[in-house]
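Undergrad: Contents of target.txt (compact mmCIF, N, CA and C atoms and all ligand atoms):
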# COMPACT_ATOMS: atom_id res chain seq x y z
N MET A 1 0.85 -1.19 0.00
CA MET A 1 0.00 0.00 0.00
C MET A 1 0.89 1.25 0.00
N ASP A 2 0.47 2.27 -0.74
CA ASP A 2 1.25 3.50 -0.87
C ASP A 2 1.10 4.40 0.35
N ILE A 3 2.13 4.44 1.19
CA ILE A 3 2.10 5.32 2.36
C ILE A 3 3.02 6.50 2.06
N HIS A 4 2.48 7.70 2.12
CA HIS A 4 3.28 8.89 1.81
C HIS A 4 3.70 9.60 3.08
N LYS A 5 4.77 9.11 3.70
CA LYS A 5 5.30 9.83 4.86
C LYS A 5 6.18 10.96 4.37
N LEU A 6 6.09 12.09 5.02
CA LEU A 6 6.88 13.25 4.64
C LEU A 6 7.86 13.56 5.76
N LYS A 7 9.11 13.79 5.41
CA LYS A 7 10.14 14.17 6.40
C LYS A 7 10.43 15.65 6.22
N PHE A 8 10.23 16.42 7.25
CA PHE A 8 10.45 17.86 7.14
C PHE A 8 11.83 18.23 7.65
N GLN A 9 12.38 19.23 6.98
CA GLN A 9 13.71 19.70 7.40
C GLN A 9 13.62 20.37 8.78
N MET A 10 14.56 20.06 9.62
CA MET A 10 14.60 20.72 10.94
C MET A 10 15.65 21.81 10.89
N HIS A 11 15.23 23.03 11.21
CA HIS A 11 16.18 24.13 11.29
C HIS A 11 16.46 24.30 12.78
N GLY A 12 17.65 24.01 13.17
CA GLY A 12 17.87 24.12 14.61
C GLY A 12 19.32 24.10 14.97
N ASP A 13 19.53 24.46 16.19
CA ASP A 13 20.86 24.36 16.78
C ASP A 13 20.61 24.04 18.24
N ASN A 14 21.56 24.33 19.10
CA ASN A 14 21.36 23.95 20.49
C ASN A 14 20.34 24.82 21.22
N THR A 15 19.76 25.81 20.52
CA THR A 15 18.71 26.63 21.15
C THR A 15 17.33 26.03 20.91
N GLY A 16 17.21 25.09 19.96
CA GLY A 16 15.90 24.50 19.69
C GLY A 16 15.74 24.20 18.21
N THR A 17 14.52 23.82 17.86
CA THR A 17 14.27 23.35 16.49
C THR A 17 13.05 24.04 15.91
N LEU A 18 13.10 24.33 14.62
CA LEU A 18 11.98 24.95 13.92
C LEU A 18 11.72 24.17 12.64
N VAL A 19 10.44 23.94 12.36
CA VAL A 19 10.04 23.30 11.11
C VAL A 19 9.13 24.27 10.36
N ALA A 20 9.42 24.50 9.09
CA ALA A 20 8.60 25.41 8.28
C ALA A 20 7.94 24.62 7.15
N LEU A 21 6.66 24.89 6.93
CA LEU A 21 5.92 24.19 5.88
C LEU A 21 5.33 25.21 4.92
N GLU A 22 5.60 25.04 3.65
CA GLU A 22 5.03 25.94 2.64
C GLU A 22 4.19 25.11 1.66
N GLU A 23 3.10 25.74 1.20
CA GLU A 23 2.26 25.05 0.23
C GLU A 23 3.04 24.84 -1.07
N PHE A 24 2.78 23.71 -1.70
CA PHE A 24 3.44 23.27 -2.94
C PHE A 24 4.93 23.00 -2.75
N LYS A 25 5.39 23.07 -1.50
CA LYS A 25 6.79 22.65 -1.26
C LYS A 25 6.74 21.44 -0.34
N GLU A 26 6.81 21.68 0.95
CA GLU A 26 6.71 20.54 1.88
C GLU A 26 5.30 19.94 1.84
N VAL A 27 4.31 20.82 1.61
CA VAL A 27 2.91 20.37 1.54
C VAL A 27 2.49 20.38 0.07
N PRO A 28 2.03 19.25 -0.47
CA PRO A 28 1.84 19.17 -1.92
C PRO A 28 0.53 19.76 -2.44
N PHE A 29 -0.05 20.72 -1.73
CA PHE A 29 -1.27 21.37 -2.20
C PHE A 29 -1.37 22.75 -1.54
N GLN A 30 -2.35 23.53 -2.01
CA GLN A 30 -2.59 24.83 -1.38
C GLN A 30 -3.30 24.60 -0.04
N VAL A 31 -2.79 25.18 1.00
CA VAL A 31 -3.37 24.97 2.34
C VAL A 31 -4.47 26.00 2.58
N LYS A 32 -5.71 25.52 2.70
CA LYS A 32 -6.82 26.45 2.92
C LYS A 32 -7.30 26.44 4.36
N ARG A 33 -6.86 25.43 5.13
CA ARG A 33 -7.38 25.31 6.50
C ARG A 33 -6.38 24.53 7.34
N VAL A 34 -6.27 24.95 8.59
CA VAL A 34 -5.45 24.22 9.56
C VAL A 34 -6.31 23.97 10.78
N TYR A 35 -6.30 22.75 11.29
CA TYR A 35 -6.95 22.51 12.58
C TYR A 35 -6.12 21.52 13.38
N TYR A 36 -6.34 21.50 14.66
CA TYR A 36 -5.56 20.57 15.48
C TYR A 36 -6.40 20.04 16.62
N MET A 37 -6.02 18.88 17.08
CA MET A 37 -6.75 18.17 18.14
C MET A 37 -5.82 17.94 19.32
N TYR A 38 -6.32 18.12 20.50
CA TYR A 38 -5.52 17.83 21.69
C TYR A 38 -6.47 17.41 22.81
N ASP A 39 -5.93 16.92 23.91
CA ASP A 39 -6.75 16.41 25.03
C ASP A 39 -7.66 15.29 24.56
N THR A 40 -7.24 14.55 23.54
CA THR A 40 -8.07 13.45 23.04
C THR A 40 -7.92 12.27 24.00
N LYS A 41 -9.04 11.73 24.42
CA LYS A 41 -8.99 10.62 25.37
C LYS A 41 -8.44 9.37 24.68
N ASN A 42 -7.74 8.53 25.45
CA ASN A 42 -7.01 7.40 24.87
C ASN A 42 -7.93 6.39 24.19
N ASP A 43 -9.19 6.27 24.66
CA ASP A 43 -10.08 5.26 24.07
C ASP A 43 -10.89 5.81 22.89
N VAL A 44 -10.57 7.02 22.45
CA VAL A 44 -11.34 7.66 21.38
C VAL A 44 -10.76 7.28 20.01
N VAL A 45 -11.64 7.03 19.06
CA VAL A 45 -11.22 6.86 17.66
C VAL A 45 -11.77 8.04 16.89
N ARG A 46 -10.89 8.83 16.31
CA ARG A 46 -11.33 9.98 15.50
C ARG A 46 -11.24 9.62 14.03
N GLY A 47 -11.84 10.46 13.23
CA GLY A 47 -11.82 10.20 11.80
C GLY A 47 -12.97 9.29 11.43
N ARG A 48 -12.65 8.05 11.07
CA ARG A 48 -13.64 7.10 10.55
C ARG A 48 -14.38 7.70 9.37
N HIS A 49 -13.62 8.25 8.44
CA HIS A 49 -14.24 8.80 7.25
C HIS A 49 -13.21 8.88 6.12
N ALA A 50 -13.70 9.14 4.93
CA ALA A 50 -12.84 9.49 3.79
C ALA A 50 -13.41 10.80 3.23
N HIS A 51 -12.80 11.28 2.17
CA HIS A 51 -13.28 12.53 1.56
C HIS A 51 -13.48 12.34 0.07
N LYS A 52 -14.32 13.20 -0.48
CA LYS A 52 -14.52 13.14 -1.94
C LYS A 52 -13.38 13.86 -2.65
N SER A 53 -12.96 15.02 -2.13
CA SER A 53 -11.85 15.70 -2.82
C SER A 53 -10.76 16.25 -1.89
N LEU A 54 -11.03 16.36 -0.61
CA LEU A 54 -10.06 16.97 0.32
C LEU A 54 -8.78 16.16 0.47
N GLU A 55 -7.66 16.84 0.38
CA GLU A 55 -6.36 16.21 0.70
C GLU A 55 -5.86 16.79 2.02
N GLN A 56 -5.06 16.01 2.71
CA GLN A 56 -4.55 16.46 4.01
C GLN A 56 -3.10 16.04 4.22
N VAL A 57 -2.41 16.82 5.03
CA VAL A 57 -1.16 16.36 5.63
C VAL A 57 -1.38 16.42 7.13
N ILE A 58 -1.14 15.31 7.82
CA ILE A 58 -1.33 15.32 9.28
C ILE A 58 0.02 15.13 9.96
N ILE A 59 0.18 15.88 11.04
CA ILE A 59 1.46 15.91 11.77
C ILE A 59 1.16 15.82 13.25
N CYS A 60 1.76 14.86 13.93
CA CYS A 60 1.61 14.81 15.37
C CYS A 60 2.73 15.68 15.95
N VAL A 61 2.42 16.95 16.19
CA VAL A 61 3.47 17.91 16.57
C VAL A 61 3.94 17.70 18.01
N HIS A 62 3.17 16.94 18.77
CA HIS A 62 3.58 16.59 20.13
C HIS A 62 2.93 15.28 20.52
N GLY A 63 3.65 14.42 21.22
CA GLY A 63 3.08 13.14 21.63
C GLY A 63 3.00 12.17 20.47
N SER A 64 2.05 11.25 20.55
CA SER A 64 1.96 10.22 19.52
C SER A 64 0.52 9.76 19.32
N CYS A 65 0.28 9.19 18.16
CA CYS A 65 -1.01 8.55 17.89
C CYS A 65 -0.79 7.56 16.75
N LYS A 66 -1.80 6.75 16.52
CA LYS A 66 -1.72 5.79 15.40
C LYS A 66 -2.83 6.13 14.42
N ILE A 67 -2.57 5.81 13.18
CA ILE A 67 -3.60 6.03 12.16
C ILE A 67 -3.69 4.77 11.29
N LYS A 68 -4.93 4.30 11.15
CA LYS A 68 -5.17 3.16 10.27
C LYS A 68 -5.66 3.70 8.94
N LEU A 69 -4.93 3.36 7.89
CA LEU A 69 -5.29 3.80 6.54
C LEU A 69 -5.88 2.63 5.78
N ASP A 70 -6.90 2.90 5.01
CA ASP A 70 -7.58 1.84 4.27
C ASP A 70 -7.97 2.40 2.91
N ASP A 71 -7.40 1.82 1.85
CA ASP A 71 -7.71 2.33 0.51
C ASP A 71 -8.84 1.54 -0.17
N GLY A 72 -9.49 0.67 0.62
CA GLY A 72 -10.59 -0.12 0.08
C GLY A 72 -10.12 -1.50 -0.35
N ARG A 73 -8.81 -1.67 -0.50
CA ARG A 73 -8.26 -2.97 -0.86
C ARG A 73 -7.44 -3.54 0.28
N GLU A 74 -6.61 -2.67 0.86
CA GLU A 74 -5.79 -3.12 1.99
C GLU A 74 -5.70 -2.01 3.01
N SER A 75 -5.23 -2.37 4.19
CA SER A 75 -5.10 -1.36 5.24
C SER A 75 -3.74 -1.48 5.90
N GLU A 76 -3.32 -0.40 6.47
CA GLU A 76 -2.02 -0.36 7.14
C GLU A 76 -2.11 0.60 8.32
N ILE A 77 -1.32 0.30 9.36
CA ILE A 77 -1.30 1.17 10.54
C ILE A 77 0.02 1.92 10.58
N VAL A 78 -0.07 3.22 10.75
CA VAL A 78 1.11 4.08 10.78
C VAL A 78 1.15 4.77 12.15
N THR A 79 2.33 4.82 12.75
CA THR A 79 2.48 5.57 14.01
C THR A 79 3.04 6.95 13.68
N LEU A 80 2.43 7.96 14.26
CA LEU A 80 2.95 9.32 14.11
C LEU A 80 3.45 9.77 15.48
N ASP A 81 4.74 10.03 15.57
CA ASP A 81 5.30 10.40 16.88
C ASP A 81 6.49 11.35 16.77
N LYS A 82 6.60 12.00 15.59
CA LYS A 82 7.73 12.93 15.42
C LYS A 82 7.22 14.24 14.86
N PRO A 83 7.61 15.37 15.48
CA PRO A 83 7.11 16.66 15.00
C PRO A 83 7.67 17.08 13.65
N ASN A 84 8.69 16.37 13.17
CA ASN A 84 9.25 16.71 11.85
C ASN A 84 8.82 15.69 10.79
N GLU A 85 7.73 14.98 11.08
CA GLU A 85 7.26 13.97 10.14
C GLU A 85 5.77 14.18 9.89
N GLY A 86 5.36 14.07 8.64
CA GLY A 86 3.95 14.21 8.31
C GLY A 86 3.48 13.00 7.51
N LEU A 87 2.18 12.90 7.38
CA LEU A 87 1.61 11.84 6.57
C LEU A 87 0.63 12.48 5.59
N TYR A 88 0.87 12.23 4.32
CA TYR A 88 -0.04 12.75 3.29
C TYR A 88 -1.23 11.81 3.16
N LEU A 89 -2.42 12.38 3.17
CA LEU A 89 -3.63 11.56 3.00
C LEU A 89 -4.37 12.03 1.77
N SER A 90 -4.48 11.16 0.79
CA SER A 90 -5.28 11.50 -0.38
C SER A 90 -6.76 11.47 0.01
N ASN A 91 -7.57 12.03 -0.83
CA ASN A 91 -9.00 12.11 -0.52
C ASN A 91 -9.63 10.75 -0.25
N THR A 92 -9.44 9.83 -1.18
CA THR A 92 -10.17 8.56 -1.03
C THR A 92 -9.38 7.55 -0.21
N MET A 93 -9.02 7.95 0.96
CA MET A 93 -8.34 7.08 1.90
C MET A 93 -9.16 7.10 3.20
N TRP A 94 -9.69 5.95 3.55
CA TRP A 94 -10.44 5.86 4.82
C TRP A 94 -9.42 5.93 5.95
N ARG A 95 -9.67 6.76 6.96
CA ARG A 95 -8.71 6.91 8.05
C ARG A 95 -9.37 6.82 9.41
N GLU A 96 -8.67 6.18 10.32
CA GLU A 96 -9.12 6.09 11.72
C GLU A 96 -7.92 6.41 12.59
N VAL A 97 -8.07 7.41 13.43
CA VAL A 97 -6.94 7.85 14.27
C VAL A 97 -7.25 7.49 15.72
N TYR A 98 -6.29 6.86 16.40
CA TYR A 98 -6.57 6.33 17.73
C TYR A 98 -5.27 6.21 18.53
N ASP A 99 -5.42 5.72 19.75
CA ASP A 99 -4.25 5.51 20.62
C ASP A 99 -3.46 6.80 20.83
N PHE A 100 -4.19 7.87 21.10
CA PHE A 100 -3.54 9.17 21.35
C PHE A 100 -2.85 9.13 22.71
N SER A 101 -1.61 9.57 22.77
CA SER A 101 -0.97 9.74 24.08
C SER A 101 -1.63 10.96 24.75
N PRO A 102 -1.57 11.05 26.08
CA PRO A 102 -2.28 12.15 26.76
C PRO A 102 -1.80 13.53 26.29
N ASP A 103 -0.54 13.60 25.86
CA ASP A 103 0.02 14.90 25.45
C ASP A 103 -0.04 15.11 23.93
N ALA A 104 -0.79 14.26 23.21
CA ALA A 104 -0.76 14.35 21.74
C ALA A 104 -1.45 15.61 21.22
N VAL A 105 -0.78 16.26 20.30
CA VAL A 105 -1.38 17.37 19.55
C VAL A 105 -1.26 17.00 18.08
N LEU A 106 -2.41 16.78 17.45
CA LEU A 106 -2.42 16.34 16.06
C LEU A 106 -2.88 17.50 15.18
N MET A 107 -1.98 17.94 14.32
CA MET A 107 -2.28 19.09 13.47
C MET A 107 -2.58 18.60 12.06
N VAL A 108 -3.59 19.19 11.46
CA VAL A 108 -4.02 18.79 10.11
C VAL A 108 -3.98 20.00 9.19
N LEU A 109 -3.31 19.85 8.06
CA LEU A 109 -3.31 20.86 7.01
C LEU A 109 -4.22 20.35 5.92
N ALA A 110 -5.17 21.17 5.51
CA ALA A 110 -6.21 20.67 4.60
C ALA A 110 -6.29 21.54 3.35
N SER A 111 -6.64 20.90 2.25
CA SER A 111 -6.66 21.59 0.95
C SER A 111 -7.98 22.35 0.70
N GLU A 112 -8.95 22.14 1.58
CA GLU A 112 -10.26 22.79 1.38
C GLU A 112 -10.78 23.33 2.71
N LEU A 113 -11.70 24.27 2.62
CA LEU A 113 -12.40 24.73 3.81
C LEU A 113 -13.31 23.60 4.30
N TYR A 114 -13.80 23.74 5.52
CA TYR A 114 -14.66 22.69 6.09
C TYR A 114 -15.98 22.62 5.33
N GLN A 115 -16.28 21.45 4.85
CA GLN A 115 -17.51 21.27 4.08
C GLN A 115 -18.03 19.86 4.35
N GLU A 116 -19.11 19.78 5.09
CA GLU A 116 -19.64 18.48 5.50
C GLU A 116 -19.96 17.60 4.28
N SER A 117 -20.35 18.24 3.17
CA SER A 117 -20.75 17.45 2.00
C SER A 117 -19.56 16.73 1.35
N ASP A 118 -18.34 17.09 1.74
CA ASP A 118 -17.16 16.41 1.18
C ASP A 118 -16.82 15.12 1.92
N TYR A 119 -17.49 14.90 3.07
CA TYR A 119 -17.18 13.71 3.88
C TYR A 119 -17.91 12.47 3.37
N ILE A 120 -17.23 11.33 3.45
CA ILE A 120 -17.90 10.04 3.27
C ILE A 120 -17.78 9.35 4.62
N ARG A 121 -18.87 9.27 5.36
CA ARG A 121 -18.79 8.82 6.75
C ARG A 121 -19.23 7.37 6.96
N ASP A 122 -19.71 6.77 5.89
CA ASP A 122 -20.16 5.39 6.00
C ASP A 122 -19.19 4.51 5.20
N TYR A 123 -18.67 3.44 5.83
CA TYR A 123 -17.63 2.63 5.18
C TYR A 123 -18.14 1.99 3.90
N LYS A 124 -19.40 1.55 3.90
CA LYS A 124 -19.93 0.92 2.70
C LYS A 124 -20.07 1.95 1.57
N ASP A 125 -20.49 3.16 1.92
CA ASP A 125 -20.56 4.24 0.91
C ASP A 125 -19.18 4.50 0.33
N PHE A 126 -18.16 4.43 1.21
CA PHE A 126 -16.76 4.63 0.76
C PHE A 126 -16.37 3.59 -0.28
N LEU A 127 -16.68 2.31 0.02
CA LEU A 127 -16.34 1.25 -0.93
C LEU A 127 -17.08 1.45 -2.25
N ASP A 128 -18.36 1.84 -2.17
CA ASP A 128 -19.14 2.10 -3.39
C ASP A 128 -18.54 3.28 -4.17
N TYR A 129 -18.12 4.30 -3.42
CA TYR A 129 -17.58 5.51 -4.05
C TYR A 129 -16.32 5.19 -4.85
N ILE A 130 -15.40 4.45 -4.24
CA ILE A 130 -14.16 4.17 -4.98
C ILE A 130 -14.40 3.18 -6.12
N LYS A 131 -15.36 2.30 -5.94
CA LYS A 131 -15.69 1.36 -7.03
C LYS A 131 -16.23 2.14 -8.23
N ASN A 132 -17.11 3.10 -7.98
CA ASN A 132 -17.66 3.93 -9.06
C ASN A 132 -16.58 4.76 -9.74
N GLN A 133 -15.62 5.25 -8.92
CA GLN A 133 -14.53 6.05 -9.50
C GLN A 133 -13.71 5.22 -10.46
N LYS A 134 -13.40 3.97 -10.03
CA LYS A 134 -12.58 3.10 -10.90
C LYS A 134 -13.31 2.78 -12.19
N GLY A 135 -14.66 2.75 -12.09
CA GLY A 135 -15.45 2.47 -13.29
C GLY A 135 -15.56 3.68 -14.20
N GLY A 136 -14.84 4.76 -13.85
CA GLY A 136 -14.84 5.96 -14.70
C GLY A 136 -15.95 6.93 -14.38
N ASN A 137 -16.68 6.66 -13.32
CA ASN A 137 -17.76 7.57 -12.92
C ASN A 137 -17.49 8.01 -11.50
N ASP A 138 -17.04 9.25 -11.31
CA ASP A 138 -16.70 9.67 -9.96
C ASP A 138 -17.80 10.48 -9.29
N GLU A 139 -19.00 10.32 -9.76
CA GLU A 139 -20.13 10.95 -9.09
C GLU A 139 -20.50 10.16 -7.84
N ALA A 140 -20.62 10.83 -6.72
CA ALA A 140 -21.07 10.14 -5.50
C ALA A 140 -22.57 10.02 -5.53
N THR A 141 -23.08 9.01 -4.87
CA THR A 141 -24.54 8.88 -4.78
C THR A 141 -24.98 9.27 -3.39
P1 LIG B 201 -15.41 15.82 13.15
O1 LIG B 201 -15.18 15.94 11.69
O2 LIG B 201 -16.62 15.09 13.62
O3 LIG B 201 -14.10 15.19 13.80
P2 LIG B 201 -13.60 13.68 13.73
O4 LIG B 201 -14.31 13.04 12.59
O5 LIG B 201 -12.13 13.79 13.52
O6 LIG B 201 -13.93 13.06 15.06
O7 LIG B 201 -15.40 17.28 13.76
C1 LIG B 201 -15.72 17.52 15.11
C2 LIG B 201 -16.48 18.85 15.21
O8 LIG B 201 -15.67 19.94 14.77
C3 LIG B 201 -17.73 18.87 14.36
O9 LIG B 201 -18.73 19.55 15.11
C4 LIG B 201 -17.37 19.72 13.18
C5 LIG B 201 -16.31 20.64 13.72
N1 LIG B 201 -15.31 21.04 12.73
C6 LIG B 201 -15.28 22.34 12.23
O10 LIG B 201 -16.12 23.18 12.60
N2 LIG B 201 -14.31 22.68 11.35
C7 LIG B 201 -13.37 21.80 10.93
O11 LIG B 201 -12.48 22.17 10.12
C8 LIG B 201 -13.43 20.44 11.43
C9 LIG B 201 -12.42 19.42 10.98
C10 LIG B 201 -14.40 20.11 12.33
What does the file become when written as structure tokens?
TA:
Amino acid sequence: MDIHKLKFQMHGDNTGTLVALEEFKEVPFQVKRVYYMYDTKNDVVRGRHAHKSLEQVIICVHGSCKIKLDDGRESEIVTLDKPNEGLYLSNTMWREVYDFSPDAVLMVLASELYQESDYIRDYKDFLDYIKNQKGGNDEAT
């Protein structure tokens, strides 16, 4: 399965470290929205959705969490625990984020503004959606 982990350059010396992200450079799209999650309880599973067109880069800037990626054919679990590492998520990737450490801060860079109609929140709808796309028809039902 294609996992797109991104390694960001660390600018630092013995005073500390800085990571800079620019659209179309470290981030492969125009960034229209940033949001972040923290104080997530350890037994919580976030996400459980895919998108019709939204792309994301997610970065665990503090602490750690796991993300299960599912492209409809296979799935893989990725651990995010480094502030200089990101994970690119294409639109049609089902994602479930869980096992947040108490100090986890998960930052998301998104290619679109928040739009509920872009979400696919039902797993069966997700499978139907990607099947229709492969058939050359990317209209959602
Ligand atoms: P939700 O998408 O349900 O989070 P998750 O699927 O990761 O558990 O979002 C939680 C709440 O935050 C929901 O009320 C919608 C709101 N929200 C915004 O207002 N703007 C945003 O950019 C996002 C991602 C969520």
Undergrad: Have a look at atom C of Leu21 of chain A and atom N of Met1 of chain A and let me know their distance in Å, one decimal.
TA: 27.2 Å
Undergrad: With only N, CA and C atoms as the counted atoms, please give the residues lying no more than 8 Å from Phe29 of chain A, apart from itself and same-chain residues fewer than 4 positions off, as a ChimeraX atom specification.
TA: /A:22-25,55,110-111
Undergrad: Measuring between all atoms listed in the file, which one of A:Tyr123, A:Tyr114, A:Trp94, A:Tyr88 shows the shortest distance to Pro28 of chain A?
TA: A:Tyr88
Undergrad: If we draw a sphere of 10 Å around (-12.3, 6.4, 21.3), which residues have at least one atom in it when counting only C-alpha atoms? Please report them as a list of chain:residue names.
TA: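 Residues close enough to count: A:Thr40, A:Lys41, A:Asn42, A:Asp43, A:Val44, A:Val45, A:Arg46, A:Val97, A:Tyr98, A:Asp99, A:Phe100.
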Undergrad: Could you report the residues within 8 Å of ligand LIG 201 (chain B), using all atoms listed in the file, as an mmCIF file with N, CA and C atoms, keeping the file's coordinate frame?
TA:
data_model
loop_
_atom_site.group_PDB
_atom_site.id
_atom_site.type_symbol
_atom_site.label_atom_id
_atom_site.label_comp_id
_atom_site.auth_asym_id
_atom_site.auth_seq_id
_atom_site.Cartn_x
_atom_site.Cartn_y
_atom_site.Cartn_z
ATOM 1 N N ARG A 33 -6.860 25.430 5.130
ATOM 2 C CA ARG A 33 -7.380 25.310 6.500
ATOM 3 C C ARG A 33 -6.380 24.530 7.340
ATOM 4 N N VAL A 34 -6.270 24.950 8.590
ATOM 5 C CA VAL A 34 -5.450 24.220 9.560
ATOM 6 C C VAL A 34 -6.310 23.970 10.780
ATOM 7 N N TYR A 35 -6.300 22.750 11.290
ATOM 8 C CA TYR A 35 -6.950 22.510 12.580
ATOM 9 C C TYR A 35 -6.120 21.520 13.380
ATOM 10 N N TYR A 36 -6.340 21.500 14.660
ATOM 11 C CA TYR A 36 -5.560 20.570 15.480
ATOM 12 C C TYR A 36 -6.400 20.040 16.620
ATOM 13 N N VAL A 45 -11.640 7.030 19.060
ATOM 14 C CA VAL A 45 -11.220 6.860 17.660
ATOM 15 C C VAL A 45 -11.770 8.040 16.890
ATOM 16 N N ARG A 46 -10.890 8.830 16.310
ATOM 17 C CA ARG A 46 -11.330 9.980 15.500
ATOM 18 C C ARG A 46 -11.240 9.620 14.030
ATOM 19 N N GLY A 47 -11.840 10.460 13.230
ATOM 20 C CA GLY A 47 -11.820 10.200 11.800
ATOM 21 C C GLY A 47 -12.970 9.290 11.430
ATOM 22 N N ARG A 48 -12.650 8.050 11.070
ATOM 23 C CA ARG A 48 -13.640 7.100 10.550
ATOM 24 C C ARG A 48 -14.380 7.700 9.370
ATOM 25 N N HIS A 49 -13.620 8.250 8.440
ATOM 26 C CA HIS A 49 -14.240 8.800 7.250
ATOM 27 C C HIS A 49 -13.210 8.880 6.120
ATOM 28 N N VAL A 97 -8.070 7.410 13.430
ATOM 29 C CA VAL A 97 -6.940 7.850 14.270
ATOM 30 C C VAL A 97 -7.250 7.490 15.720
ATOM 31 N N GLU A 112 -8.950 22.140 1.580
ATOM 32 C CA GLU A 112 -10.260 22.790 1.380
ATOM 33 C C GLU A 112 -10.780 23.330 2.710
ATOM 34 N N LEU A 113 -11.700 24.270 2.620
ATOM 35 C CA LEU A 113 -12.400 24.730 3.810
ATOM 36 C C LEU A 113 -13.310 23.600 4.300
ATOM 37 N N TYR A 114 -13.800 23.740 5.520
ATOM 38 C CA TYR A 114 -14.660 22.690 6.090
ATOM 39 C C TYR A 114 -15.980 22.620 5.330
ATOM 40 N N GLN A 115 -16.280 21.450 4.850
ATOM 41 C CA GLN A 115 -17.510 21.270 4.080
ATOM 42 C C GLN A 115 -18.030 19.860 4.350
#
Undergrad: Please determine, counting only C-alpha atoms, which residue among A:Ile77, A:Arg95, A:Val19, A:Ser101 has the shortest atom-to-atom distance to Asp122 of chain A.
TA: A:Arg95
Undergrad: Record the distance separating atom C of Ile59 of chain A and atom C of Met107 of chain A, expressed in Å with one decimal.
TA: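 Spanning atom C of Ile59 of chain A to atom C of Met107 of chain A is a straight-line distance of 4.8 Å.
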Undergrad: Asp81 of chain A: which residues within 7 Å, counting all atoms listed in the file, same-chain residues fewer than 3 positions away excluded, as a PyMOL selection string?
TA: chain A and resi 60-65+84-85
Undergrad: So, with only N, CA and C atoms as the atoms that count, which of A:Phe8, A:Ile130, A:Glu76, A:Asp13 lies closest to Glu26 of chain A?
TA: A:Phe8
Undergrad: For a test of reading the model, state the distance in Å between atom CA of Gly86 of chain A and atom C of Ala104 of chain A, rounded to one decimal.
TA: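 Separating atom CA of Gly86 of chain A from atom C of Ala104 of chain A is a distance of 14.1 Å.
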Undergrad: Write out as a list in words the set of residues from chain A that DSSP, computed on the backbone, places in alpha helix (DSSP H).
TA: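 The alpha helix (DSSP H) residues within chain A come out as Tyr123, Lys124, Asp125, Phe126, Leu127, Asp128, Tyr129, Ile130, Lys131, Asn132, Gln133 and Lys134 of chain A.
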Undergrad: So which residues of chain A fall under strand (DSSP E) by DSSP, listed as JSON, numbers by chain?
TA: {"A": [4, 5, 6, 7, 11, 12, 13, 16, 17, 18, 33, 34, 35, 36, 37, 38, 46, 47, 48, 49, 50, 51, 56, 57, 58, 59, 60, 61, 62, 65, 66, 67, 68, 69, 70, 75, 76, 77, 78, 79, 80, 85, 86, 87, 88, 89, 94, 95, 96, 97, 98, 105, 106, 107, 108, 109, 110, 119, 120]}
Undergrad: Using all atoms listed in the file for the distances, tell me which of A:Lys7, A:Ile58, A:Glu74, A:Thr92 is nearest to Phe126 of chain A.
TA: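 The shortest atom-to-atom distance to Phe126 of chain A comes from A:Thr92.
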Undergrad: Counting only N, CA and C atoms, figure out which residue out of A:Val57, A:Met93, A:Ile120, A:Ala50 gets nearest to Leu69 of chain A.
TA: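 Of A:Val57, A:Met93, A:Ile120, A:Ala50, the one nearest Leu69 of chain A is A:Met93, counting only N, CA and C atoms.
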Undergrad: Could you tell me which of A:Asn132, A:Thr79, A:Asn91, A:Thr15 comes closest to Lys52 of chain A if we count all atoms listed in the file?
TA: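 Using all atoms listed in the file, Lys52 of chain A sits closest to A:Asn91.
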Undergrad: Hey, could you pull the box centre and edge lengths for segment 74-84 of chain A, axis-aligned, 3 Å padding per side, all listed atoms, to one decimal in Å, as AutoDock Vina command-line options?
TA:
--center_x 1.3 --center_y 7.0 --center_z 8.9 --size_x 21.9 --size_y 26.2 --size_z 22.0
